[in-house]
file coords35.csv (CSV, C-alpha atoms)
chain,number,residue,atom,x,y,z
A,1,MET,CA,60.8,-67.4,-21.2
A,2,LEU,CA,57.5,-66.6,-19.5
A,3,VAL,CA,57.2,-62.7,-19.4
A,4,SER,CA,53.7,-61.3,-19.2
A,5,LYS,CA,52.3,-58.8,-21.7
A,6,LYS,CA,51.9,-56.3,-18.9
A,7,ALA,CA,55.5,-56.7,-18.0
A,8,LEU,CA,56.6,-56.4,-21.6
A,9,ALA,CA,54.6,-53.2,-21.9
A,10,GLY,CA,56.7,-51.7,-19.0
A,11,LEU,CA,60.0,-52.7,-20.4
A,12,GLY,CA,60.4,-49.8,-22.8
A,13,SER,CA,59.9,-47.1,-20.1
A,14,ALA,CA,62.2,-49.0,-17.7
A,15,ALA,CA,64.9,-49.2,-20.4
A,16,LEU,CA,64.5,-45.5,-21.3
A,17,MET,CA,64.9,-44.4,-17.7
A,18,ALA,CA,68.1,-46.5,-17.4
A,19,SER,CA,69.5,-45.1,-20.7
A,20,MET,CA,69.2,-41.6,-19.5
A,21,THR,CA,71.9,-42.1,-16.8
A,22,VAL,CA,75.3,-43.6,-16.7
A,23,GLY,CA,74.9,-47.1,-15.2
A,24,SER,CA,71.3,-48.2,-14.7
A,25,GLY,CA,72.1,-49.9,-11.4
A,26,VAL,CA,73.3,-46.6,-9.9
A,27,ALA,CA,70.4,-44.8,-11.4
A,28,PHE,CA,67.9,-47.1,-9.7
A,29,ALA,CA,69.7,-46.8,-6.4
A,30,GLN,CA,69.8,-43.1,-6.4
A,31,ASP,CA,66.2,-42.6,-7.6
A,32,GLY,CA,64.5,-45.2,-5.5
A,33,PRO,CA,64.0,-45.6,-1.7
A,34,LEU,CA,65.6,-49.1,-1.5
A,35,ARG,CA,69.2,-48.6,-0.5
A,36,GLY,CA,72.1,-50.1,1.5
A,37,ASN,CA,71.8,-53.5,3.1
A,38,VAL,CA,68.7,-55.6,2.4
A,39,ARG,CA,67.9,-58.9,4.0
A,40,VAL,CA,65.9,-61.4,2.0
A,41,VAL,CA,64.4,-64.0,4.3
A,42,ILE,CA,63.1,-67.2,2.8
A,43,GLY,CA,60.6,-69.9,4.0
A,44,SER,CA,63.2,-72.6,4.2
A,45,THR,CA,66.1,-73.4,6.6
A,46,SER,CA,68.1,-75.2,3.9
A,47,THR,CA,70.9,-73.4,2.0
A,48,GLY,CA,71.0,-76.3,-0.5
A,49,GLY,CA,67.4,-76.3,-1.5
A,50,ASP,CA,65.5,-74.8,-4.4
A,51,THR,CA,64.1,-71.8,-2.4
A,52,TYR,CA,67.6,-70.7,-1.4
A,53,GLN,CA,69.1,-71.3,-4.9
A,54,ASN,CA,66.4,-69.5,-6.7
A,55,SER,CA,66.3,-66.6,-4.3
A,56,SER,CA,70.1,-66.1,-4.5
A,57,ILE,CA,69.9,-65.9,-8.3
A,58,VAL,CA,67.3,-63.1,-8.1
A,59,ALA,CA,68.9,-61.3,-5.1
A,60,ASP,CA,72.3,-61.3,-6.9
A,61,ALA,CA,70.8,-59.8,-10.0
A,62,LEU,CA,68.9,-57.1,-8.0
A,63,SER,CA,72.0,-56.3,-6.0
A,64,GLU,CA,73.9,-55.5,-9.1
A,65,LYS,CA,71.1,-53.6,-10.8
A,66,LEU,CA,70.3,-51.5,-7.7
A,67,ASP,CA,73.8,-51.2,-6.3
A,68,LEU,CA,72.7,-52.8,-3.1
A,69,ASN,CA,74.0,-55.4,-0.7
A,70,MET,CA,71.1,-57.9,-0.8
A,71,LYS,CA,71.7,-61.2,1.0
A,72,VAL,CA,69.5,-64.3,1.4
A,73,ASP,CA,68.9,-65.6,4.9
A,74,ALA,CA,67.4,-69.2,5.2
A,75,VAL,CA,65.4,-68.8,8.4
A,76,GLY,CA,62.3,-71.0,7.7
A,77,ALA,CA,58.7,-70.0,7.1
A,78,ASN,CA,57.5,-69.1,10.6
A,79,SER,CA,60.6,-67.0,11.4
A,80,ALA,CA,60.5,-65.4,8.0
A,81,PHE,CA,56.9,-64.2,8.4
A,82,ARG,CA,57.6,-62.9,11.9
A,83,THR,CA,60.7,-61.1,10.7
A,84,LEU,CA,58.8,-59.5,7.8
A,85,ASP,CA,56.0,-58.5,10.2
A,86,ARG,CA,58.5,-56.5,12.3
A,87,ASP,CA,60.1,-54.5,9.4
A,88,SER,CA,58.0,-52.0,7.3
A,89,ARG,CA,61.1,-50.0,6.3
A,90,GLY,CA,62.0,-52.2,3.3
A,91,ASN,CA,65.2,-53.5,4.8
A,92,THR,CA,63.7,-56.9,5.0
A,93,LEU,CA,62.0,-58.6,2.1
A,94,MET,CA,60.8,-62.2,1.7
A,95,ILE,CA,60.9,-64.7,-1.1
A,96,PHE,CA,58.8,-67.9,-0.9
A,97,HIS,CA,56.6,-70.1,-3.0
A,98,ASP,CA,53.1,-71.5,-3.1
A,99,GLN,CA,53.5,-73.0,0.4
A,100,SER,CA,52.9,-69.5,1.7
A,101,TYR,CA,49.2,-69.7,0.8
A,102,LEU,CA,48.8,-73.5,0.8
A,103,GLY,CA,49.9,-73.6,4.4
A,104,TYR,CA,47.0,-71.2,5.2
A,105,LEU,CA,44.5,-73.3,3.2
A,106,TYR,CA,45.6,-76.5,5.1
A,107,GLY,CA,45.4,-74.7,8.4
A,108,VAL,CA,49.1,-75.0,9.3
A,109,GLU,CA,50.0,-73.0,12.4
A,110,GLY,CA,51.9,-69.8,11.7
A,111,TYR,CA,50.4,-69.3,8.2
A,112,ASP,CA,47.9,-66.4,7.5
A,113,ASN,CA,46.2,-65.3,4.4
A,114,ILE,CA,49.1,-63.6,2.6
A,115,PHE,CA,46.7,-61.5,0.4
A,116,GLU,CA,45.3,-59.9,3.5
A,117,LYS,CA,48.4,-59.6,5.7
A,118,TYR,CA,51.1,-58.8,3.2
A,119,THR,CA,51.8,-57.2,-0.1
A,120,VAL,CA,52.4,-59.8,-2.8
A,121,GLY,CA,55.3,-58.9,-5.0
A,122,PRO,CA,56.5,-60.1,-8.4
A,123,THR,CA,56.8,-63.8,-9.4
A,124,VAL,CA,60.3,-64.7,-10.6
A,125,ALA,CA,60.5,-68.4,-11.4
A,126,ILE,CA,59.0,-71.9,-11.5
A,127,ASN,CA,60.5,-75.1,-10.2
A,128,PRO,CA,59.1,-77.6,-12.7
A,129,GLY,CA,60.3,-80.6,-10.7
A,130,ASN,CA,57.5,-81.4,-8.3
A,131,ALA,CA,57.1,-85.2,-8.8
A,132,TYR,CA,55.7,-88.5,-7.5
A,133,LEU,CA,57.7,-91.6,-7.6
A,134,VAL,CA,57.4,-95.4,-6.9
A,135,PRO,CA,60.0,-98.1,-6.4
A,136,LYS,CA,61.4,-99.3,-9.6
A,137,ASP,CA,60.0,-102.8,-9.0
A,138,SER,CA,56.5,-101.4,-8.1
A,139,PRO,CA,53.5,-103.2,-9.6
A,140,TYR,CA,52.2,-99.8,-10.5
A,141,GLU,CA,53.5,-98.9,-13.9
A,142,THR,CA,51.6,-95.6,-14.2
A,143,LEU,CA,49.6,-93.2,-12.1
A,144,ASN,CA,46.4,-94.6,-13.8
A,145,ASP,CA,47.4,-98.0,-12.3
A,146,ILE,CA,47.5,-96.4,-8.8
A,147,ILE,CA,44.1,-94.7,-9.3
A,148,ALA,CA,42.6,-98.0,-10.6
A,149,ALA,CA,44.1,-100.0,-7.7
A,150,VAL,CA,42.7,-97.6,-5.1
A,151,GLY,CA,39.4,-97.6,-6.9
A,152,GLU,CA,39.3,-101.4,-6.5
A,153,GLY,CA,39.9,-101.3,-2.8
A,154,GLU,CA,43.7,-101.5,-2.5
A,155,THR,CA,45.4,-99.3,0.1
A,156,VAL,CA,48.1,-97.2,-1.4
A,157,ARG,CA,50.4,-95.3,1.0
A,158,VAL,CA,51.8,-91.9,-0.1
A,159,ALA,CA,54.7,-90.3,1.8
A,160,ILE,CA,54.2,-86.5,1.9
A,161,GLN,CA,55.2,-83.5,4.0
A,162,PRO,CA,51.8,-82.3,5.1
A,163,GLY,CA,50.5,-78.8,4.7
A,164,GLY,CA,51.7,-77.4,1.4
A,165,VAL,CA,53.4,-78.1,-1.9
A,166,SER,CA,54.2,-81.7,-1.0
A,167,GLU,CA,50.5,-82.3,-0.1
A,168,ILE,CA,48.6,-80.6,-2.9
A,169,GLY,CA,49.3,-83.3,-5.5
A,170,PHE,CA,48.1,-85.9,-3.0
A,171,SER,CA,45.0,-83.9,-2.4
A,172,ALA,CA,44.4,-83.6,-6.1
A,173,LEU,CA,44.9,-87.4,-6.6
A,174,LYS,CA,42.5,-88.1,-3.7
A,175,ASN,CA,39.9,-85.8,-5.3
A,176,ALA,CA,40.3,-87.5,-8.7
A,177,ILE,CA,39.7,-90.9,-7.1
A,178,ALA,CA,36.6,-89.5,-5.3
A,179,ILE,CA,35.3,-88.4,-8.7
A,180,GLU,CA,36.1,-91.6,-10.6
A,181,HIS,CA,35.6,-94.1,-7.8
A,182,PRO,CA,33.2,-92.5,-5.3
A,183,GLY,CA,33.7,-93.9,-1.7
A,184,GLN,CA,37.1,-95.4,-2.4
A,185,GLU,CA,39.3,-92.3,-1.9
A,186,ASP,CA,40.1,-93.2,1.7
A,187,ASN,CA,42.1,-96.1,0.4
A,188,LEU,CA,44.7,-93.5,-0.6
A,189,VAL,CA,46.5,-93.0,2.7
A,190,ALA,CA,48.9,-90.2,3.5
A,191,VAL,CA,52.1,-91.1,5.3
A,192,ASN,CA,53.0,-87.8,6.9
A,193,THR,CA,56.7,-87.2,7.3
A,194,GLY,CA,59.3,-84.4,7.0
A,195,SER,CA,62.1,-83.6,4.6
A,196,GLN,CA,62.8,-85.2,1.2
A,197,SER,CA,65.3,-87.6,2.8
A,198,ASP,CA,62.6,-88.6,5.3
A,199,LYS,CA,60.2,-89.3,2.4
A,200,ASN,CA,62.8,-91.3,0.5
A,201,GLN,CA,63.5,-93.4,3.6
A,202,GLN,CA,59.9,-94.3,3.8
A,203,LEU,CA,60.1,-95.8,0.3
A,204,PHE,CA,63.5,-97.5,1.0
A,205,ASP,CA,61.9,-99.1,4.1
A,206,ASP,CA,58.7,-100.2,2.3
A,207,GLN,CA,56.7,-97.9,4.6
A,208,ALA,CA,55.2,-96.1,1.5
A,209,ASP,CA,54.2,-97.2,-2.0
A,210,VAL,CA,54.5,-93.7,-3.5
A,211,ILE,CA,56.4,-90.6,-2.4
A,212,ASN,CA,56.4,-87.0,-3.3
A,213,GLY,CA,59.8,-85.9,-4.5
A,214,THR,CA,61.4,-83.6,-7.0
A,215,VAL,CA,63.3,-84.1,-10.3
A,216,GLN,CA,66.3,-82.4,-8.7
A,217,ALA,CA,66.5,-84.6,-5.6
A,218,ASN,CA,65.3,-87.9,-6.9
A,219,GLU,CA,66.4,-88.2,-10.5
A,220,GLN,CA,69.7,-89.8,-9.3
A,221,TYR,CA,67.7,-92.7,-7.9
A,222,THR,CA,65.9,-93.4,-11.2
A,223,ARG,CA,69.3,-94.4,-12.7
A,224,LEU,CA,69.8,-97.3,-10.3
A,225,PRO,CA,69.2,-100.9,-11.3
A,226,GLU,CA,65.8,-102.4,-10.3
A,227,ASP,CA,67.3,-104.7,-7.7
A,228,ASP,CA,68.8,-101.8,-5.8
A,229,GLN,CA,66.7,-101.0,-2.7
A,230,LYS,CA,66.9,-97.3,-3.5
A,231,ALA,CA,65.9,-97.5,-7.2
A,232,MET,CA,62.7,-95.6,-8.1
A,233,ARG,CA,61.0,-94.2,-11.1
A,234,PHE,CA,58.7,-91.3,-11.9
A,235,VAL,CA,55.0,-91.7,-12.4
A,236,TRP,CA,53.8,-88.1,-12.3
A,237,LEU,CA,55.1,-84.5,-12.6
A,238,THR,CA,52.5,-82.0,-11.6
A,239,ALA,CA,53.9,-79.2,-13.8
A,240,ARG,CA,52.0,-78.0,-16.9
A,241,GLN,CA,53.2,-79.4,-20.2
A,242,ASP,CA,54.0,-75.9,-21.3
A,243,THR,CA,56.3,-75.4,-18.3
A,244,ILE,CA,58.3,-78.6,-18.9
A,245,GLU,CA,58.6,-77.8,-22.6
A,246,GLN,CA,60.6,-74.7,-21.6
A,247,ALA,CA,63.2,-76.8,-19.7
A,248,PRO,CA,66.6,-77.4,-21.3
A,249,GLU,CA,66.4,-80.1,-24.0
A,250,GLU,CA,69.0,-82.2,-22.0
A,251,GLY,CA,66.6,-82.2,-19.0
A,252,LEU,CA,68.4,-83.0,-15.8
A,253,GLY,CA,71.0,-85.7,-15.0
A,254,GLN,CA,70.3,-88.6,-17.4
A,255,THR,CA,66.6,-87.8,-17.9
A,256,THR,CA,65.9,-85.7,-21.0
A,257,ARG,CA,63.1,-83.2,-21.4
A,258,GLU,CA,61.3,-85.6,-23.7
A,259,GLN,CA,61.4,-88.2,-21.0
A,260,LEU,CA,60.0,-85.8,-18.4
A,261,LEU,CA,57.2,-84.9,-20.8
A,262,GLU,CA,56.0,-88.5,-20.5
A,263,TYR,CA,54.9,-87.8,-16.9
A,264,VAL,CA,52.8,-84.6,-17.4
A,265,GLU,CA,49.4,-83.9,-18.8
A,266,PRO,CA,47.9,-85.0,-21.2
A,267,ASN,CA,50.0,-88.2,-20.9
A,268,VAL,CA,49.1,-88.3,-17.2
A,269,ASN,CA,45.6,-87.2,-16.3
A,270,VAL,CA,44.4,-86.3,-12.8
A,271,THR,CA,40.8,-85.1,-13.2
A,272,MET,CA,39.3,-82.1,-11.4
A,273,GLY,CA,35.9,-82.9,-12.9
A,274,GLY,CA,34.5,-82.3,-16.3
A,275,ASP,CA,37.2,-81.6,-18.9
A,276,GLU,CA,39.6,-80.0,-16.4
A,277,SER,CA,42.8,-81.7,-15.3
A,278,PHE,CA,44.9,-80.9,-12.3
A,279,THR,CA,48.4,-79.3,-12.8
A,280,PHE,CA,50.6,-77.5,-10.4
A,281,ASP,CA,53.6,-75.2,-11.0
A,282,LYS,CA,55.7,-74.5,-7.9
A,283,GLU,CA,56.2,-70.7,-8.3
A,284,PHE,CA,58.5,-68.3,-6.4
A,285,PHE,CA,57.6,-64.7,-5.6
A,286,PHE,CA,58.3,-61.8,-3.3
A,287,LEU,CA,56.3,-60.9,-0.2
A,288,TYR,CA,56.4,-57.5,1.5
A,289,ASN,CA,55.4,-55.9,4.8
A,290,LYS,CA,51.9,-54.4,4.2
A,291,ASP,CA,53.1,-51.0,5.4
A,292,MET,CA,56.2,-50.8,3.3
A,293,ASP,CA,56.7,-47.8,1.0
A,294,PRO,CA,54.8,-48.6,-2.3
A,295,ALA,CA,57.7,-46.8,-4.1
A,296,ILE,CA,59.9,-49.8,-3.1
A,297,VAL,CA,57.4,-52.2,-4.7
A,298,GLU,CA,57.6,-50.1,-7.9
A,299,GLN,CA,61.4,-49.9,-7.7
A,300,ILE,CA,61.8,-53.7,-7.6
A,301,ASP,CA,59.2,-54.2,-10.3
A,302,GLU,CA,61.0,-51.8,-12.6
A,303,ALA,CA,64.5,-53.3,-11.8
A,304,LEU,CA,63.3,-56.8,-12.4
A,305,ALA,CA,61.5,-55.8,-15.7
A,306,GLU,CA,64.9,-54.5,-17.0
A,307,ILE,CA,66.8,-57.5,-15.7
A,308,TYR,CA,64.5,-60.0,-17.5
A,309,ALA,CA,64.5,-57.8,-20.6
A,310,GLU,CA,68.3,-58.2,-20.7
A,311,GLY,CA,68.0,-62.0,-20.7
A,312,GLU,CA,71.0,-63.1,-18.7
A,313,ILE,CA,69.0,-64.2,-15.6
A,314,GLN,CA,66.9,-66.6,-17.7
A,315,GLU,CA,70.0,-68.5,-18.7
A,316,THR,CA,71.2,-68.7,-15.1
A,317,GLN,CA,67.8,-69.9,-13.9
A,318,LYS,CA,67.5,-72.6,-16.7
A,319,ASN,CA,71.0,-73.9,-15.9
A,320,ALA,CA,69.7,-74.5,-12.4
A,321,PHE,CA,66.5,-76.2,-13.8
A,322,PHE,CA,64.2,-73.3,-13.0
A,323,ILE,CA,61.8,-71.8,-15.5
A,324,PRO,CA,61.9,-68.0,-15.7
A,325,ASN,CA,58.5,-66.5,-14.9
A,326,PHE,CA,58.5,-62.8,-14.2
A,327,LYS,CA,55.2,-61.0,-13.5
A,328,PRO,CA,55.1,-57.6,-11.9
A,329,SER,CA,53.4,-57.2,-8.5
A,330,ASP,CA,49.9,-56.2,-9.4
A,331,GLU,CA,49.6,-58.9,-12.1
A,332,ALA,CA,51.3,-61.5,-9.8
A,333,SER,CA,49.0,-60.8,-6.9
A,334,GLU,CA,45.9,-61.3,-9.0
A,335,TYR,CA,47.3,-64.4,-10.7
A,336,LEU,CA,48.3,-66.0,-7.4
A,337,GLN,CA,44.9,-65.2,-5.8
A,338,ASP,CA,43.2,-67.0,-8.7
A,339,LYS,CA,45.6,-69.9,-8.2
A,340,MET,CA,44.8,-70.1,-4.5
A,341,THR,CA,41.1,-70.2,-5.2
A,342,ARG,CA,41.5,-73.0,-7.7
A,343,TYR,CA,43.4,-75.2,-5.2
A,344,GLU,CA,41.1,-74.3,-2.3
A,345,GLY,CA,38.3,-76.1,-4.1
A,346,ILE,CA,40.3,-79.3,-4.2
A,347,ILE,CA,41.2,-79.1,-0.5
A,348,GLU,CA,37.6,-78.4,0.4
A,349,ASN,CA,36.3,-81.3,-1.7
A,350,ILE,CA,38.3,-83.9,0.3
A,351,LYS,CA,37.7,-82.7,3.8
call {"tool": "encode", "arguments": {"input": "coords35.csv", "output": "structure tokens"}}
result
Amino acid sequence: MLVSKKALAGLGSAALMASMTVGSGVAFAQDGPLRGNVRVVIGSTSTGGDTYQNSSIVADALSEKLDLNMKVDAVGANSAFRTLDRDSRGNTLMIFHDQSYLGYLYGVEGYDNIFEKYTVGPTVAINPGNAYLVPKDSPYETLNDIIAAVGEGETVRVAIQPGGVSEIGFSALKNAIAIEHPGQEDNLVAVNTGSQSDKNQQLFDDQADVINGTVQANEQYTRLPEDDQKAMRFVWLTARQDTIEQAPEEGLGQTTREQLLEYVEPNVNVTMGGDESFTFDKEFFFLYNKDMDPAIVEQIDEALAEIYAEGEIQETQKNAFFIPNFKPSDEASEYLQDKMTRYEGIIENIK
């Protein structure tokens, strides 16, 4: 499990506070300002996606710990931000992922600088499954084959959903081609589309050579025989090697952890220049109204510190193919700002 040193340092005091009362959840609810019904809006409209699933795991754990009625509401990014803007009382919280700042960097309408407009809360988990895939009968066996082909003047079409997590790997790949094959990067062409099913359809219809996908959504297609129109295979997972190593040994579906490790650095290298390689972990975290009572921020930090110290939530997350990654608010905000700055450089390089 990924629990920061700062978080571990606070676990002792959180546990002591809980042990001084009968039932830590009731103690938190009585001592803290967050009470009653709490709405958790998320930046997705899907109740079957990773954002909803991950948020529900965390909200359920907090509901029990704080003796609250905390429910997840899949309203979509723009609506979630607007809803959060209107409620400074703490009755509305938000959980989202890196899209919240990548959308701003890409200039997507409705996205602001989250570090200026909101209070960034704790990180809770990583989805390690962000991936790129090709048809199973593709002439490109590896990501290096794709980079080399583009460098030699071939046009390679990549289906993405523009403006966020789906696009950042494409941007990094284009940046790497610009470094290794200057002037050839425009041969890597974005096919801008929508949902995962839309991206898949582009591949099925031979309208794209590569697609952005996920292990969770696309692993099933990697099991199909090569002559099936829908058969595909992984060429790249953007997650860090250390992140995938924390996944369950059995991996997902019929793809083991050892097989997934074949598609991450150092086996797959997307240069950022010098000795640095691009990696990207899709991380989930809380966002709060800027004017919300700081005591609520502290209350949630302390509750989550105790929840992660107990260890049960990590098993629930891993069973859903998430990697536990708790960092308290102050540490999370600094960490995510550094992360945004790192990826801002890539985006600026290819404009």
call {"tool": "residues_around", "arguments": {"input": "coords35.csv", "residues": "Leu102 in chain A", "least_positions_apart": "4", "cutoff": "7 Å", "atoms": "all atoms listed in the file", "output": "PDB file with C-alpha atoms, in the frame of the given file"}}
result
ATOM      1  CA  ASP A  98      53.100 -71.500  -3.100  1.00  0.00           C
ATOM      2  CA  TYR A 106      45.600 -76.500   5.100  1.00  0.00           C
ATOM      3  CA  GLY A 163      50.500 -78.800   4.700  1.00  0.00           C
ATOM      4  CA  GLY A 164      51.700 -77.400   1.400  1.00  0.00           C
TER       5      GLY A 164
END
call {"tool": "residues_around", "arguments": {"input": "coords35.csv", "residues": "Asn267 in chain A", "least_positions_apart": "3", "cutoff": "10 Å", "atoms": "all atoms listed in the file", "output": "ChimeraX atom specification"}}
result
/A:236,241,261-264
call {"tool": "atom_distance", "arguments": {"input": "coords35.csv", "atom1": "CA of Glu334 in chain A", "atom2": "CA of Ile244 in chain A"}}
result
23.5 Å
call {"tool": "closest_residue", "arguments": {"input": "coords35.csv", "among": "A:Ala178, A:Val210, A:Leu287, A:Val215", "to": "Asp50 in chain A", "atoms": "all atoms listed in the file"}}
result
A:Val215
call {"tool": "closest_residue", "arguments": {"input": "coords35.csv", "among": "A:Gly274, A:Glu331, A:Ile300, A:Val156", "to": "Leu68 in chain A", "atoms": "all atoms listed in the file"}}
result
A:Ile300
call {"tool": "closest_residue", "arguments": {"input": "coords35.csv", "among": "A:Thr255, A:Ser79, A:Thr193, A:Ser277", "to": "Glu219 in chain A", "atoms": "all atoms listed in the file"}}
result
A:Thr255
call {"tool": "closest_residue", "arguments": {"input": "coords35.csv", "among": "A:Val191, A:Ile346, A:Ile42, A:Leu173", "to": "Ala59 in chain A", "atoms": "all atoms listed in the file"}}
result
A:Ile42
call {"tool": "closest_residue", "arguments": {"input": "coords35.csv", "among": "A:Asn113, A:Ser171, A:Ser55, A:Asn349", "to": "Phe81 in chain A", "atoms": "only C-alpha atoms"}}
result
A:Asn113
call {"tool": "residues_around", "arguments": {"input": "coords35.csv", "residues": "Asp227 in chain A", "least_positions_apart": "5", "cutoff": "10 Å", "atoms": "only C-alpha atoms", "output": "list of chain:residue names"}}
result
A:Pro135, A:Lys136, A:Asp137
call {"tool": "closest_atom_pairs", "arguments": {"input": "coords35.csv", "of": "range 238-343 of chain A", "to": "range 89-97 of chain A", "cutoff": "7 Å", "atoms": "only C-alpha atoms", "output": "Markdown table"}}
result
| residue | atom | partner | partner_atom | distance |
| --- | --- | --- | --- | --- |
| A:Lys282 | CA | A:His97 | CA | 6.6 |
| A:Glu283 | CA | A:His97 | CA | 5.3 |
| A:Phe284 | CA | A:His97 | CA | 4.3 |
| A:Phe285 | CA | A:Ile95 | CA | 5.6 |
| A:Phe286 | CA | A:Ile95 | CA | 4.5 |
| A:Leu287 | CA | A:Met94 | CA | 5.1 |
| A:Tyr288 | CA | A:Leu93 | CA | 5.7 |
| A:Met292 | CA | A:Arg89 | CA | 5.8 |
call {"tool": "atom_distance", "arguments": {"input": "coords35.csv", "atom1": "CA of Val134 in chain A", "atom2": "CA of Tyr104 in chain A"}}
result
29.0 Å
call {"tool": "atom_distance", "arguments": {"input": "coords35.csv", "atom1": "CA of Thr155 in chain A", "atom2": "CA of Gln220 in chain A"}}
result
27.7 Å
call {"tool": "residues_around", "arguments": {"input": "coords35.csv", "residues": "Leu304 in chain A", "least_positions_apart": "5", "cutoff": "9 Å", "atoms": "all atoms listed in the file", "output": "PyMOL selection string"}}
result
chain A and resi 58+61-62+65+122+124+299+309+326+328
call {"tool": "closest_residue", "arguments": {"input": "coords35.csv", "among": "A:Ser138, A:Thr243, A:Ser329, A:Thr119", "to": "Gln229 in chain A", "atoms": "all atoms listed in the file"}}
result
A:Ser138
call {"tool": "residues_around", "arguments": {"input": "coords35.csv", "residues": "Asp209 in chain A", "least_positions_apart": "2", "cutoff": "7 Å", "atoms": "all atoms listed in the file", "output": "number ranges by chain"}}
result
A: 134, 156-158, 203, 206, 211
call {"tool": "residues_near_point", "arguments": {"input": "coords35.csv", "point": "(78.0, -55.0, -1.4)", "cutoff": "12 Å", "atoms": "all atoms listed in the file", "output": "MDAnalysis selection string"}}
result
chainID A and resid 35:38 59:60 62:71
call {"tool": "residues_near_point", "arguments": {"input": "coords35.csv", "point": "(45.7, -64.1, -10.2)", "cutoff": "12 Å", "atoms": "all atoms listed in the file", "output": "NGL selection string"}}
result
:A and (115 or 120 or 122-123 or 327-342)
call {"tool": "build_atoms", "arguments": {"input": "coords35.csv", "residues": "range 317-328 of chain A", "atoms": "N, CA, C and O atoms", "output": "PDB file, in the frame of the given file"}}
result
ATOM      1  N   GLN A 317      68.852 -69.160 -14.527  1.00  0.00           N
ATOM      2  CA  GLN A 317      67.800 -69.900 -13.900  1.00  0.00           C
ATOM      3  C   GLN A 317      67.609 -71.289 -14.627  1.00  0.00           C
ATOM      4  O   GLN A 317      67.458 -72.318 -13.966  1.00  0.00           O
ATOM      5  N   LYS A 318      67.644 -71.296 -15.946  1.00  0.00           N
ATOM      6  CA  LYS A 318      67.500 -72.600 -16.700  1.00  0.00           C
ATOM      7  C   LYS A 318      68.608 -73.524 -16.409  1.00  0.00           C
ATOM      8  O   LYS A 318      68.393 -74.742 -16.341  1.00  0.00           O
ATOM      9  N   ASN A 319      69.821 -72.994 -16.251  1.00  0.00           N
ATOM     10  CA  ASN A 319      71.000 -73.900 -15.900  1.00  0.00           C
ATOM     11  C   ASN A 319      70.776 -74.543 -14.584  1.00  0.00           C
ATOM     12  O   ASN A 319      71.349 -75.607 -14.335  1.00  0.00           O
ATOM     13  N   ALA A 320      70.002 -73.924 -13.701  1.00  0.00           N
ATOM     14  CA  ALA A 320      69.700 -74.500 -12.400  1.00  0.00           C
ATOM     15  C   ALA A 320      68.359 -75.245 -12.399  1.00  0.00           C
ATOM     16  O   ALA A 320      67.837 -75.603 -11.336  1.00  0.00           O
ATOM     17  N   PHE A 321      67.800 -75.480 -13.570  1.00  0.00           N
ATOM     18  CA  PHE A 321      66.500 -76.200 -13.800  1.00  0.00           C
ATOM     19  C   PHE A 321      65.351 -75.433 -13.158  1.00  0.00           C
ATOM     20  O   PHE A 321      64.435 -76.013 -12.585  1.00  0.00           O
ATOM     21  N   PHE A 322      65.377 -74.107 -13.291  1.00  0.00           N
ATOM     22  CA  PHE A 322      64.200 -73.300 -13.000  1.00  0.00           C
ATOM     23  C   PHE A 322      63.696 -72.705 -14.326  1.00  0.00           C
ATOM     24  O   PHE A 322      64.459 -72.515 -15.279  1.00  0.00           O
ATOM     25  N   ILE A 323      62.398 -72.406 -14.352  1.00  0.00           N
ATOM     26  CA  ILE A 323      61.800 -71.800 -15.500  1.00  0.00           C
ATOM     27  C   ILE A 323      61.517 -70.332 -15.221  1.00  0.00           C
ATOM     28  O   ILE A 323      60.772 -70.021 -14.284  1.00  0.00           O
ATOM     29  N   PRO A 324      62.104 -69.394 -15.970  1.00  0.00           N
ATOM     30  CA  PRO A 324      61.900 -68.000 -15.700  1.00  0.00           C
ATOM     31  C   PRO A 324      60.378 -67.639 -15.835  1.00  0.00           C
ATOM     32  O   PRO A 324      59.691 -68.133 -16.734  1.00  0.00           O
ATOM     33  N   ASN A 325      59.893 -66.810 -14.910  1.00  0.00           N
ATOM     34  CA  ASN A 325      58.500 -66.500 -14.900  1.00  0.00           C
ATOM     35  C   ASN A 325      58.212 -65.176 -14.199  1.00  0.00           C
ATOM     36  O   ASN A 325      57.653 -65.139 -13.107  1.00  0.00           O
ATOM     37  N   PHE A 326      58.629 -64.086 -14.835  1.00  0.00           N
ATOM     38  CA  PHE A 326      58.500 -62.800 -14.200  1.00  0.00           C
ATOM     39  C   PHE A 326      57.087 -62.195 -14.505  1.00  0.00           C
ATOM     40  O   PHE A 326      56.654 -62.106 -15.653  1.00  0.00           O
ATOM     41  N   LYS A 327      56.395 -61.832 -13.427  1.00  0.00           N
ATOM     42  CA  LYS A 327      55.200 -61.000 -13.500  1.00  0.00           C
ATOM     43  C   LYS A 327      55.300 -59.911 -12.500  1.00  0.00           C
ATOM     44  O   LYS A 327      55.673 -60.167 -11.349  1.00  0.00           O
ATOM     45  N   PRO A 328      55.005 -58.657 -12.855  1.00  0.00           N
ATOM     46  CA  PRO A 328      55.100 -57.600 -11.900  1.00  0.00           C
ATOM     47  C   PRO A 328      54.037 -57.709 -10.793  1.00  0.00           C
ATOM     48  O   PRO A 328      53.096 -58.488 -10.918  1.00  0.00           O
TER      49      PRO A 328
END
